Amino acid sequence: MTQKPTLIITGSSSGIGKAATLRLLEAGYHIIGISRRAGQFTHADFQAIDMDLAKPDELPKKLEQITAQHSQIDGIIFCAGSGRFGSLEEFSYQQIRSVIDLNLSSQIYLTRAFLPILKKQNSGDLIYIGSEAALSGGKRGAVYSAAKFGLRGFTQALRQECASNNIRVTLINPGMVRTEFFNTLDFSPGADTSNAIEPQDIAEMILSVLKMRPGTVIDEINLSPQKNVIRFGNK
Ligand SMILES: NC(=O)c1ccc[n+]([C@@H]2O[C@H](COP(=O)([O-])OP(=O)(O)OC[C@H]3O[C@@H](n4cnc5c(N)ncnc54)[C@H](OP(=O)(O)O)[C@@H]3O)[C@@H](O)[C@H]2O)c1
């Protein structure tokens, strides 16, 4: 029996990460899901790791335990993240740190932990979920954009660093996607199907990136809802 290719997906419990998990299980991958509620999802080819990625001081030790158990990883899909928006002085210092820790530092730490395995096997896909906020800054988005612009710079540099090891680095930058992301925010996409990307659309993109012929890298993908309608206030 041939072993199924194995992918790590962060944020597998909800939204984009959950849609990617379901699509890639269907496509025949073995998935290791990481999030605080990863264990809620069960499937014969799914392994859950409950972990809080917003605690960077605890990550190196926990990641070391995972890398020790996995010598073959075919790719990592970084979907865990959350948004917090407001003018800068509305953020406490702790809130600034927490946005950066989850949306930027944890992605760098996780990459750092698994890169030796990918380099040793001389292959792998690293797929990060950025945002339209990685491409241009907007009102009330200074801290979130700082994290997402940082992630974009990180992926551009990493792509060059990893090319000689046949590791491909991709950044996907969506506009509004209809997920739980908006549950804690004071705005959300309009109700029409053209007002938001569906998480399944991003899952299809991820599968296309993985299926691309070895030797070609999809550097970045930008997606938007066809009609950008934002609802403010209570839903
Ligand atoms: N939705 C949008 O409009 C949109 C647009 C552009 C970019 N994005 C980006 O897309 C990514 C996924 O967002 P989404 O829309 O799918 O949101 P979502 O439905 O809220 O899912 C977020 C995922 O991140 C995980 N997560 C959150 N905090 C975590 C923590 N401290 N430790 C570990 N896992 C954590 C959550 O799992 P647990 O709660 O189980 O921990 C959940 O699985 C994020 O990076 C976001 O910035 C979203």
# chains A, B, ... in the order shown; residues from 1 in each chain; ligands from 1
call {"tool": "residues_near_ligand", "arguments": {"ligand": "ligand 1", "cutoff": "7 Å", "atoms": "only C-alpha atoms and all ligand atoms", "output": "ChimeraX atom specification"}}
result
/A:10-18,34-38,51-54,79-83,102-103,129-132,173-182
call {"tool": "write_last_selection", "arguments": {"atoms": "N, CA and C atoms", "output": "tab-separated table (two decimals), in the first residue's frame"}}
result
chain	number	residue	atom	x	y	z
A	10	THR	N	-2.89	24.41	9.61
A	10	THR	CA	-3.23	25.14	10.83
A	10	THR	C	-4.59	25.81	10.62
A	11	GLY	N	-5.32	25.96	11.71
A	11	GLY	CA	-6.67	26.55	11.59
A	11	GLY	C	-7.65	25.59	10.94
A	12	SER	N	-7.45	24.30	11.17
A	12	SER	CA	-8.27	23.27	10.52
A	12	SER	C	-9.68	23.19	11.09
A	13	SER	N	-9.93	23.91	12.20
A	13	SER	CA	-11.25	23.75	12.86
A	13	SER	C	-12.33	24.65	12.29
A	14	SER	N	-11.96	25.60	11.42
A	14	SER	CA	-12.97	26.57	10.99
A	14	SER	C	-12.58	27.23	9.66
A	15	GLY	N	-13.56	27.80	8.99
A	15	GLY	CA	-13.33	28.67	7.84
A	15	GLY	C	-12.48	28.07	6.73
A	16	ILE	N	-11.46	28.80	6.32
A	16	ILE	CA	-10.61	28.41	5.20
A	16	ILE	C	-9.88	27.10	5.51
A	17	GLY	N	-9.35	27.00	6.73
A	17	GLY	CA	-8.59	25.80	7.10
A	17	GLY	C	-9.48	24.56	7.12
A	18	LYS	N	-10.71	24.71	7.57
A	18	LYS	CA	-11.63	23.56	7.61
A	18	LYS	C	-12.01	23.15	6.18
A	34	ILE	N	-3.92	21.52	13.09
A	34	ILE	CA	-3.51	22.21	14.32
A	34	ILE	C	-4.42	23.41	14.57
A	35	SER	N	-5.00	23.46	15.74
A	35	SER	CA	-5.71	24.66	16.21
A	35	SER	C	-6.07	24.39	17.67
A	36	ARG	N	-6.73	25.35	18.32
A	36	ARG	CA	-7.09	25.11	19.72
A	36	ARG	C	-8.22	24.08	19.83
A	37	ARG	N	-9.03	23.95	18.74
A	37	ARG	CA	-10.17	23.01	18.76
A	37	ARG	C	-10.03	21.92	17.70
A	38	ALA	N	-8.79	21.58	17.35
A	38	ALA	CA	-8.57	20.63	16.24
A	38	ALA	C	-9.23	19.28	16.51
A	51	MET	N	-3.48	23.07	19.87
A	51	MET	CA	-2.35	23.92	20.25
A	51	MET	C	-2.74	25.39	20.09
A	52	ASP	N	-2.34	26.21	21.04
A	52	ASP	CA	-2.59	27.65	20.94
A	52	ASP	C	-1.38	28.30	20.27
A	53	LEU	N	-1.56	28.73	19.04
A	53	LEU	CA	-0.43	29.29	18.27
A	53	LEU	C	-0.13	30.74	18.65
A	54	ALA	N	-0.96	31.33	19.50
A	54	ALA	CA	-0.71	32.72	19.91
A	54	ALA	C	0.18	32.80	21.15
A	79	CYS	N	-3.37	28.40	7.81
A	79	CYS	CA	-4.67	29.08	7.76
A	79	CYS	C	-5.06	29.72	9.10
A	80	ALA	N	-4.38	29.36	10.20
A	80	ALA	CA	-4.78	29.93	11.50
A	80	ALA	C	-4.53	31.43	11.50
A	81	GLY	N	-5.46	32.16	12.04
A	81	GLY	CA	-5.29	33.61	12.12
A	81	GLY	C	-6.57	34.23	12.64
A	82	SER	N	-6.48	35.50	13.01
A	82	SER	CA	-7.71	36.21	13.39
A	82	SER	C	-7.49	37.69	13.18
A	83	GLY	N	-8.59	38.41	13.08
A	83	GLY	CA	-8.50	39.84	12.80
A	83	GLY	C	-8.89	40.67	14.01
A	102	LEU	N	0.02	35.72	16.57
A	102	LEU	CA	-0.75	34.69	15.87
A	102	LEU	C	-0.59	34.80	14.35
A	103	ASN	N	-0.67	36.03	13.82
A	103	ASN	CA	-0.74	36.19	12.36
A	103	ASN	C	0.62	36.23	11.68
A	129	ILE	N	-1.89	31.77	4.07
A	129	ILE	CA	-3.04	32.63	3.79
A	129	ILE	C	-2.68	34.04	4.26
A	130	GLY	N	-2.47	34.92	3.29
A	130	GLY	CA	-2.21	36.33	3.59
A	130	GLY	C	-3.54	37.06	3.66
A	131	SER	N	-3.68	38.11	2.88
A	131	SER	CA	-4.92	38.89	2.88
A	131	SER	C	-4.76	40.03	1.88
A	132	GLU	N	-5.90	40.64	1.52
A	132	GLU	CA	-5.80	41.88	0.75
A	132	GLU	C	-5.08	42.93	1.61
A	173	ASN	N	-3.80	35.67	-1.13
A	173	ASN	CA	-4.32	36.91	-0.54
A	173	ASN	C	-5.80	37.10	-0.86
A	174	PRO	N	-6.69	36.64	0.02
A	174	PRO	CA	-8.11	36.84	-0.26
A	174	PRO	C	-8.62	38.18	0.25
A	175	GLY	N	-9.67	38.69	-0.42
A	175	GLY	CA	-10.50	39.73	0.17
A	175	GLY	C	-11.45	39.03	1.14
A	176	MET	N	-12.62	39.59	1.37
A	176	MET	CA	-13.52	39.01	2.40
A	176	MET	C	-13.99	37.60	2.05
A	177	VAL	N	-13.80	36.69	3.01
A	177	VAL	CA	-14.23	35.30	2.86
A	177	VAL	C	-15.32	35.05	3.91
A	178	ARG	N	-16.40	34.39	3.54
A	178	ARG	CA	-17.51	34.21	4.49
A	178	ARG	C	-17.17	33.11	5.50
A	179	THR	N	-16.62	33.53	6.66
A	179	THR	CA	-16.22	32.58	7.70
A	179	THR	C	-16.51	33.16	9.09
A	180	GLU	N	-16.12	32.38	10.10
A	180	GLU	CA	-16.26	32.83	11.50
A	180	GLU	C	-15.35	34.01	11.84
A	181	PHE	N	-14.43	34.32	10.93
A	181	PHE	CA	-13.51	35.45	11.10
A	181	PHE	C	-14.26	36.71	11.56
A	182	PHE	N	-15.49	36.90	11.04
A	182	PHE	CA	-16.24	38.13	11.30
A	182	PHE	C	-17.05	38.07	12.59
call {"tool": "select_by_dssp", "arguments": {"residues": "stretch 25-234 of chain A", "states": "strand (DSSP E or B)", "output": "number ranges by chain"}}
result
A: 30-35, 46-50, 75-78, 124-129, 167-174, 177, 187-189, 197, 220-223, 230-232
call {"tool": "write_last_selection", "arguments": {"atoms": "N, CA and C atoms", "output": "short mmCIF file (atom, residue, chain, number, x, y, z; two decimals), in the first residue's frame"}}
result
data_model
loop_
_atom_site.label_atom_id
_atom_site.label_comp_id
_atom_site.auth_asym_id
_atom_site.auth_seq_id
_atom_site.Cartn_x
_atom_site.Cartn_y
_atom_site.Cartn_z
N HIS A 30 -3.40 12.75 3.71
CA HIS A 30 -3.49 12.56 5.16
C HIS A 30 -3.24 13.94 5.77
N ILE A 31 -4.09 14.35 6.70
CA ILE A 31 -4.00 15.71 7.24
C ILE A 31 -3.70 15.70 8.73
N ILE A 32 -2.72 16.53 9.13
CA ILE A 32 -2.49 16.80 10.55
C ILE A 32 -3.01 18.22 10.80
N GLY A 33 -4.08 18.32 11.57
CA GLY A 33 -4.70 19.63 11.80
C GLY A 33 -4.25 20.22 13.12
N ILE A 34 -3.92 21.52 13.09
CA ILE A 34 -3.51 22.21 14.32
C ILE A 34 -4.42 23.41 14.57
N SER A 35 -5.00 23.46 15.74
CA SER A 35 -5.71 24.66 16.21
C SER A 35 -6.07 24.39 17.67
N PHE A 46 -7.35 11.90 9.45
CA PHE A 46 -7.11 13.20 10.10
C PHE A 46 -6.54 12.99 11.49
N GLN A 47 -5.43 13.68 11.76
CA GLN A 47 -4.82 13.63 13.10
C GLN A 47 -4.89 15.03 13.69
N ALA A 48 -5.47 15.14 14.88
CA ALA A 48 -5.67 16.47 15.49
C ALA A 48 -4.57 16.79 16.49
N ILE A 49 -4.09 18.03 16.44
CA ILE A 49 -3.18 18.51 17.48
C ILE A 49 -3.76 19.82 18.02
N ASP A 50 -4.21 19.78 19.27
CA ASP A 50 -4.74 20.99 19.89
C ASP A 50 -3.57 21.84 20.38
N GLY A 75 3.74 19.06 2.93
CA GLY A 75 3.45 20.49 2.85
C GLY A 75 2.79 20.99 4.11
N ILE A 76 2.81 22.31 4.27
CA ILE A 76 2.13 22.95 5.40
C ILE A 76 1.25 24.07 4.83
N ILE A 77 0.01 24.11 5.30
CA ILE A 77 -0.92 25.15 4.87
C ILE A 77 -1.29 25.97 6.09
N PHE A 78 -0.92 27.23 6.05
CA PHE A 78 -1.03 28.10 7.23
C PHE A 78 -2.31 28.91 7.17
N GLY A 124 8.56 19.93 -0.97
CA GLY A 124 7.51 20.38 -0.04
C GLY A 124 6.85 21.65 -0.51
N ASP A 125 5.62 21.85 -0.06
CA ASP A 125 4.87 23.06 -0.37
C ASP A 125 4.55 23.80 0.92
N LEU A 126 4.83 25.10 0.93
CA LEU A 126 4.48 25.96 2.06
C LEU A 126 3.47 26.98 1.53
N ILE A 127 2.23 26.88 2.00
CA ILE A 127 1.16 27.74 1.46
C ILE A 127 0.58 28.58 2.61
N TYR A 128 0.70 29.87 2.50
CA TYR A 128 0.29 30.80 3.56
C TYR A 128 -0.96 31.56 3.13
N ILE A 129 -1.89 31.77 4.07
CA ILE A 129 -3.04 32.63 3.79
C ILE A 129 -2.68 34.04 4.26
N ILE A 167 11.61 23.40 -2.52
CA ILE A 167 10.47 23.74 -1.66
C ILE A 167 9.77 24.94 -2.29
N ARG A 168 8.46 24.81 -2.48
CA ARG A 168 7.71 25.89 -3.13
C ARG A 168 6.96 26.71 -2.07
N VAL A 169 6.99 28.02 -2.22
CA VAL A 169 6.35 28.92 -1.25
C VAL A 169 5.28 29.76 -1.96
N THR A 170 4.07 29.68 -1.45
CA THR A 170 2.94 30.38 -2.08
C THR A 170 2.20 31.22 -1.04
N LEU A 171 1.79 32.42 -1.44
CA LEU A 171 0.97 33.27 -0.58
C LEU A 171 -0.37 33.50 -1.27
N ILE A 172 -1.46 33.21 -0.57
CA ILE A 172 -2.81 33.45 -1.11
C ILE A 172 -3.42 34.65 -0.37
N ASN A 173 -3.80 35.67 -1.13
CA ASN A 173 -4.32 36.91 -0.54
C ASN A 173 -5.80 37.10 -0.86
N PRO A 174 -6.69 36.64 0.02
CA PRO A 174 -8.11 36.84 -0.26
C PRO A 174 -8.62 38.18 0.25
N VAL A 177 -13.80 36.69 3.01
CA VAL A 177 -14.23 35.30 2.86
C VAL A 177 -15.32 35.05 3.91
N PHE A 187 -17.99 44.41 11.57
CA PHE A 187 -18.37 44.49 10.16
C PHE A 187 -18.34 43.09 9.57
N SER A 188 -18.97 42.92 8.42
CA SER A 188 -19.01 41.62 7.75
C SER A 188 -19.38 41.84 6.29
N PRO A 189 -19.19 40.82 5.44
CA PRO A 189 -19.56 41.00 4.04
C PRO A 189 -21.08 41.08 3.88
N ILE A 197 -16.02 35.82 -0.88
CA ILE A 197 -15.45 34.57 -1.40
C ILE A 197 -15.94 33.45 -0.47
N GLU A 220 2.05 34.00 -5.84
CA GLU A 220 0.97 34.66 -5.10
C GLU A 220 -0.33 34.57 -5.88
N ILE A 221 -1.42 34.46 -5.14
CA ILE A 221 -2.75 34.49 -5.75
C ILE A 221 -3.57 35.55 -5.01
N ASN A 222 -4.18 36.45 -5.75
CA ASN A 222 -5.08 37.44 -5.15
C ASN A 222 -6.51 37.14 -5.57
N LEU A 223 -7.42 37.07 -4.61
CA LEU A 223 -8.83 36.82 -4.93
C LEU A 223 -9.69 37.90 -4.26
N ILE A 230 -19.71 45.91 2.25
CA ILE A 230 -19.42 45.66 3.67
C ILE A 230 -20.61 46.13 4.51
N ARG A 231 -21.02 45.26 5.45
CA ARG A 231 -22.10 45.65 6.38
C ARG A 231 -21.45 46.04 7.70
N PHE A 232 -21.83 47.20 8.26
CA PHE A 232 -21.28 47.63 9.55
C PHE A 232 -22.32 47.45 10.65
#
call {"tool": "residues_around", "arguments": {"residues": "A:Pro56", "least_positions_apart": "3", "cutoff": "8 Å", "atoms": "only C-alpha atoms", "output": "ChimeraX atom specification"}}
result
/A:53,59-60,101,105-106,109
call {"tool": "write_last_selection", "arguments": {"atoms": "N, CA and C atoms", "output": "mmCIF file, in the first residue's frame"}}
result
data_model
loop_
_atom_site.group_PDB
_atom_site.id
_atom_site.type_symbol
_atom_site.label_atom_id
_atom_site.label_comp_id
_atom_site.auth_asym_id
_atom_site.auth_seq_id
_atom_site.Cartn_x
_atom_site.Cartn_y
_atom_site.Cartn_z
ATOM 1 N N LEU A 53 -1.559 28.730 19.035
ATOM 2 C CA LEU A 53 -0.435 29.290 18.267
ATOM 3 C C LEU A 53 -0.127 30.737 18.651
ATOM 4 N N LEU A 59 5.834 27.708 21.916
ATOM 5 C CA LEU A 59 5.818 26.990 20.633
ATOM 6 C C LEU A 59 7.057 26.132 20.349
ATOM 7 N N PRO A 60 8.277 26.656 20.538
ATOM 8 C CA PRO A 60 9.444 25.860 20.135
ATOM 9 C C PRO A 60 9.431 24.452 20.729
ATOM 10 N N ASP A 101 1.672 38.000 17.114
ATOM 11 C CA ASP A 101 2.083 36.633 17.495
ATOM 12 C C ASP A 101 1.349 35.583 16.665
ATOM 13 N N SER A 105 4.241 35.799 13.864
ATOM 14 C CA SER A 105 5.325 35.054 14.540
ATOM 15 C C SER A 105 5.085 33.547 14.513
ATOM 16 N N SER A 106 3.837 33.122 14.718
ATOM 17 C CA SER A 106 3.582 31.669 14.780
ATOM 18 C C SER A 106 3.868 31.016 13.427
ATOM 19 N N TYR A 109 7.630 30.670 13.226
ATOM 20 C CA TYR A 109 8.107 29.620 14.131
ATOM 21 C C TYR A 109 7.832 28.231 13.552
#
call {"tool": "select_by_dssp", "arguments": {"residues": "stretch 56-175 of chain A", "states": "alpha helix (DSSP H)", "output": "mmCIF file with N, CA and C atoms, in the first residue's frame"}}
result
data_model
loop_
_atom_site.group_PDB
_atom_site.id
_atom_site.type_symbol
_atom_site.label_atom_id
_atom_site.label_comp_id
_atom_site.auth_asym_id
_atom_site.auth_seq_id
_atom_site.Cartn_x
_atom_site.Cartn_y
_atom_site.Cartn_z
ATOM 1 N N LEU A 59 5.834 27.708 21.916
ATOM 2 C CA LEU A 59 5.818 26.990 20.633
ATOM 3 C C LEU A 59 7.057 26.132 20.349
ATOM 4 N N PRO A 60 8.277 26.656 20.538
ATOM 5 C CA PRO A 60 9.444 25.860 20.135
ATOM 6 C C PRO A 60 9.431 24.452 20.729
ATOM 7 N N LYS A 61 9.124 24.345 22.029
ATOM 8 C CA LYS A 61 9.126 23.028 22.687
ATOM 9 C C LYS A 61 8.034 22.123 22.110
ATOM 10 N N LYS A 62 6.828 22.690 21.950
ATOM 11 C CA LYS A 62 5.712 21.885 21.433
ATOM 12 C C LYS A 62 5.978 21.452 19.992
ATOM 13 N N LEU A 63 6.555 22.358 19.201
ATOM 14 C CA LEU A 63 6.823 22.028 17.797
ATOM 15 C C LEU A 63 7.911 20.962 17.692
ATOM 16 N N GLU A 64 8.878 21.027 18.598
ATOM 17 C CA GLU A 64 9.947 20.019 18.630
ATOM 18 C C GLU A 64 9.361 18.615 18.832
ATOM 19 N N GLN A 65 8.332 18.545 19.712
ATOM 20 C CA GLN A 65 7.689 17.231 19.971
ATOM 21 C C GLN A 65 7.006 16.720 18.694
ATOM 22 N N ILE A 66 6.425 17.623 17.918
ATOM 23 C CA ILE A 66 5.722 17.182 16.696
ATOM 24 C C ILE A 66 6.737 16.779 15.622
ATOM 25 N N THR A 67 7.768 17.590 15.442
ATOM 26 C CA THR A 67 8.735 17.269 14.379
ATOM 27 C C THR A 67 9.445 15.940 14.674
ATOM 28 N N ALA A 68 9.603 15.639 15.967
ATOM 29 C CA ALA A 68 10.276 14.376 16.326
ATOM 30 C C ALA A 68 9.456 13.170 15.867
ATOM 31 N N GLN A 69 8.136 13.352 15.717
ATOM 32 C CA GLN A 69 7.256 12.223 15.348
ATOM 33 C C GLN A 69 7.012 12.120 13.847
ATOM 34 N N TYR A 93 -1.149 47.251 24.451
ATOM 35 C CA TYR A 93 0.123 46.686 23.963
ATOM 36 C C TYR A 93 0.010 45.166 23.838
ATOM 37 N N GLN A 94 -0.727 44.576 24.781
ATOM 38 C CA GLN A 94 -0.918 43.124 24.743
ATOM 39 C C GLN A 94 -1.712 42.710 23.503
ATOM 40 N N GLN A 95 -2.707 43.516 23.127
ATOM 41 C CA GLN A 95 -3.506 43.188 21.931
ATOM 42 C C GLN A 95 -2.664 43.304 20.659
ATOM 43 N N ILE A 96 -1.786 44.302 20.610
ATOM 44 C CA ILE A 96 -0.883 44.441 19.451
ATOM 45 C C ILE A 96 -0.027 43.180 19.353
ATOM 46 N N ARG A 97 0.522 42.778 20.486
ATOM 47 C CA ARG A 97 1.414 41.621 20.498
ATOM 48 C C ARG A 97 0.671 40.359 20.068
ATOM 49 N N SER A 98 -0.550 40.248 20.523
ATOM 50 C CA SER A 98 -1.292 39.019 20.228
ATOM 51 C C SER A 98 -1.643 38.916 18.732
ATOM 52 N N VAL A 99 -1.962 40.050 18.087
ATOM 53 C CA VAL A 99 -2.239 40.025 16.632
ATOM 54 C C VAL A 99 -0.980 39.614 15.868
ATOM 55 N N ILE A 100 0.153 40.182 16.262
ATOM 56 C CA ILE A 100 1.409 39.872 15.569
ATOM 57 C C ILE A 100 1.842 38.429 15.863
ATOM 58 N N SER A 106 3.837 33.122 14.718
ATOM 59 C CA SER A 106 3.582 31.669 14.780
ATOM 60 C C SER A 106 3.868 31.016 13.427
ATOM 61 N N GLN A 107 3.604 31.738 12.336
ATOM 62 C CA GLN A 107 3.857 31.173 10.996
ATOM 63 C C GLN A 107 5.366 30.997 10.782
ATOM 64 N N ILE A 108 6.120 31.999 11.281
ATOM 65 C CA ILE A 108 7.583 31.931 11.132
ATOM 66 C C ILE A 108 8.149 30.794 11.998
ATOM 67 N N TYR A 109 7.630 30.670 13.226
ATOM 68 C CA TYR A 109 8.107 29.620 14.131
ATOM 69 C C TYR A 109 7.832 28.231 13.552
ATOM 70 N N LEU A 110 6.605 28.059 13.061
ATOM 71 C CA LEU A 110 6.216 26.744 12.525
ATOM 72 C C LEU A 110 7.082 26.397 11.316
ATOM 73 N N THR A 111 7.302 27.390 10.473
ATOM 74 C CA THR A 111 8.156 27.180 9.294
ATOM 75 C C THR A 111 9.565 26.803 9.743
ATOM 76 N N ARG A 112 10.061 27.542 10.725
ATOM 77 C CA ARG A 112 11.416 27.290 11.252
ATOM 78 C C ARG A 112 11.547 25.849 11.758
ATOM 79 N N ALA A 113 10.491 25.378 12.426
ATOM 80 C CA ALA A 113 10.537 24.038 13.018
ATOM 81 C C ALA A 113 10.553 22.946 11.953
ATOM 82 N N PHE A 114 9.807 23.130 10.869
ATOM 83 C CA PHE A 114 9.664 22.052 9.876
ATOM 84 C C PHE A 114 10.615 22.166 8.695
ATOM 85 N N LEU A 115 11.251 23.322 8.534
ATOM 86 C CA LEU A 115 12.108 23.518 7.360
ATOM 87 C C LEU A 115 13.237 22.475 7.244
ATOM 88 N N PRO A 116 13.880 22.097 8.362
ATOM 89 C CA PRO A 116 14.934 21.076 8.226
ATOM 90 C C PRO A 116 14.403 19.764 7.630
ATOM 91 N N ILE A 117 13.166 19.385 7.982
ATOM 92 C CA ILE A 117 12.576 18.141 7.439
ATOM 93 C C ILE A 117 12.351 18.309 5.936
ATOM 94 N N LEU A 118 11.773 19.444 5.536
ATOM 95 C CA LEU A 118 11.487 19.672 4.111
ATOM 96 C C LEU A 118 12.790 19.744 3.311
ATOM 97 N N LYS A 119 13.787 20.400 3.878
ATOM 98 C CA LYS A 119 15.073 20.523 3.156
ATOM 99 C C LYS A 119 15.738 19.160 3.018
ATOM 100 N N LYS A 120 15.631 18.365 4.064
ATOM 101 C CA LYS A 120 16.243 17.030 4.025
ATOM 102 C C LYS A 120 15.575 16.163 2.954
ATOM 103 N N GLN A 121 14.259 16.257 2.850
ATOM 104 C CA GLN A 121 13.567 15.420 1.847
ATOM 105 C C GLN A 121 13.616 16.065 0.459
ATOM 106 N N ALA A 142 -4.072 48.991 10.836
ATOM 107 C CA ALA A 142 -2.613 49.147 10.917
ATOM 108 C C ALA A 142 -1.920 47.899 11.478
ATOM 109 N N VAL A 143 -2.458 47.346 12.553
ATOM 110 C CA VAL A 143 -1.759 46.228 13.214
ATOM 111 C C VAL A 143 -1.914 44.948 12.378
ATOM 112 N N TYR A 144 -3.132 44.701 11.912
ATOM 113 C CA TYR A 144 -3.381 43.507 11.081
ATOM 114 C C TYR A 144 -2.540 43.582 9.807
ATOM 115 N N SER A 145 -2.503 44.769 9.170
ATOM 116 C CA SER A 145 -1.704 44.924 7.952
ATOM 117 C C SER A 145 -0.215 44.752 8.229
ATOM 118 N N ALA A 146 0.225 45.224 9.408
ATOM 119 C CA ALA A 146 1.643 45.049 9.754
ATOM 120 C C ALA A 146 1.991 43.561 9.758
ATOM 121 N N ALA A 147 1.089 42.750 10.325
ATOM 122 C CA ALA A 147 1.331 41.298 10.369
ATOM 123 C C ALA A 147 1.296 40.703 8.963
ATOM 124 N N LYS A 148 0.305 41.092 8.168
ATOM 125 C CA LYS A 148 0.130 40.480 6.846
ATOM 126 C C LYS A 148 1.193 40.970 5.846
ATOM 127 N N PHE A 149 1.584 42.267 5.913
ATOM 128 C CA PHE A 149 2.691 42.732 5.075
ATOM 129 C C PHE A 149 3.968 41.983 5.469
ATOM 130 N N GLY A 150 4.134 41.786 6.783
ATOM 131 C CA GLY A 150 5.310 41.057 7.273
ATOM 132 C C GLY A 150 5.336 39.648 6.710
ATOM 133 N N LEU A 151 4.162 39.019 6.698
ATOM 134 C CA LEU A 151 4.066 37.647 6.184
ATOM 135 C C LEU A 151 4.434 37.623 4.697
ATOM 136 N N ARG A 152 4.002 38.660 3.970
ATOM 137 C CA ARG A 152 4.308 38.706 2.533
ATOM 138 C C ARG A 152 5.820 38.848 2.299
ATOM 139 N N GLY A 153 6.454 39.702 3.087
ATOM 140 C CA GLY A 153 7.910 39.857 2.964
ATOM 141 C C GLY A 153 8.620 38.557 3.310
ATOM 142 N N PHE A 154 8.120 37.913 4.368
ATOM 143 C CA PHE A 154 8.696 36.636 4.807
ATOM 144 C C PHE A 154 8.613 35.604 3.681
ATOM 145 N N THR A 155 7.454 35.502 3.029
ATOM 146 C CA THR A 155 7.290 34.469 1.987
ATOM 147 C C THR A 155 8.153 34.783 0.766
ATOM 148 N N GLN A 156 8.282 36.082 0.432
ATOM 149 C CA GLN A 156 9.111 36.429 -0.732
ATOM 150 C C GLN A 156 10.567 36.016 -0.505
ATOM 151 N N ALA A 157 11.059 36.297 0.702
ATOM 152 C CA ALA A 157 12.452 35.947 1.005
ATOM 153 C C ALA A 157 12.632 34.430 1.100
ATOM 154 N N LEU A 158 11.660 33.788 1.761
ATOM 155 C CA LEU A 158 11.743 32.338 1.966
ATOM 156 C C LEU A 158 11.712 31.587 0.628
ATOM 157 N N ARG A 159 10.917 32.115 -0.319
ATOM 158 C CA ARG A 159 10.812 31.466 -1.641
ATOM 159 C C ARG A 159 12.190 31.361 -2.286
ATOM 160 N N GLN A 160 12.971 32.435 -2.167
ATOM 161 C CA GLN A 160 14.319 32.423 -2.750
ATOM 162 C C GLN A 160 15.242 31.497 -1.963
ATOM 163 N N GLU A 161 15.093 31.543 -0.635
ATOM 164 C CA GLU A 161 15.960 30.732 0.226
ATOM 165 C C GLU A 161 15.753 29.228 -0.021
ATOM 166 N N CYS A 162 14.514 28.858 -0.349
ATOM 167 C CA CYS A 162 14.159 27.429 -0.432
ATOM 168 C C CYS A 162 14.186 26.866 -1.848
#
call {"tool": "closest_residue", "arguments": {"among": "A:Leu135, A:Leu25, A:Val229, A:Val209", "to": "A:Asp192", "atoms": "only C-alpha atoms"}}
result
A:Val229
call {"tool": "closest_residue", "arguments": {"among": "A:Ile8, A:Leu185, A:Ala19, A:Leu24", "to": "A:Phe85", "atoms": "only C-alpha atoms"}}
result
A:Leu185
call {"tool": "atom_distance", "arguments": {"atom1": "atom CA of A:Glu204", "atom2": "atom CA of A:Ala27"}}
result
10.5 Å
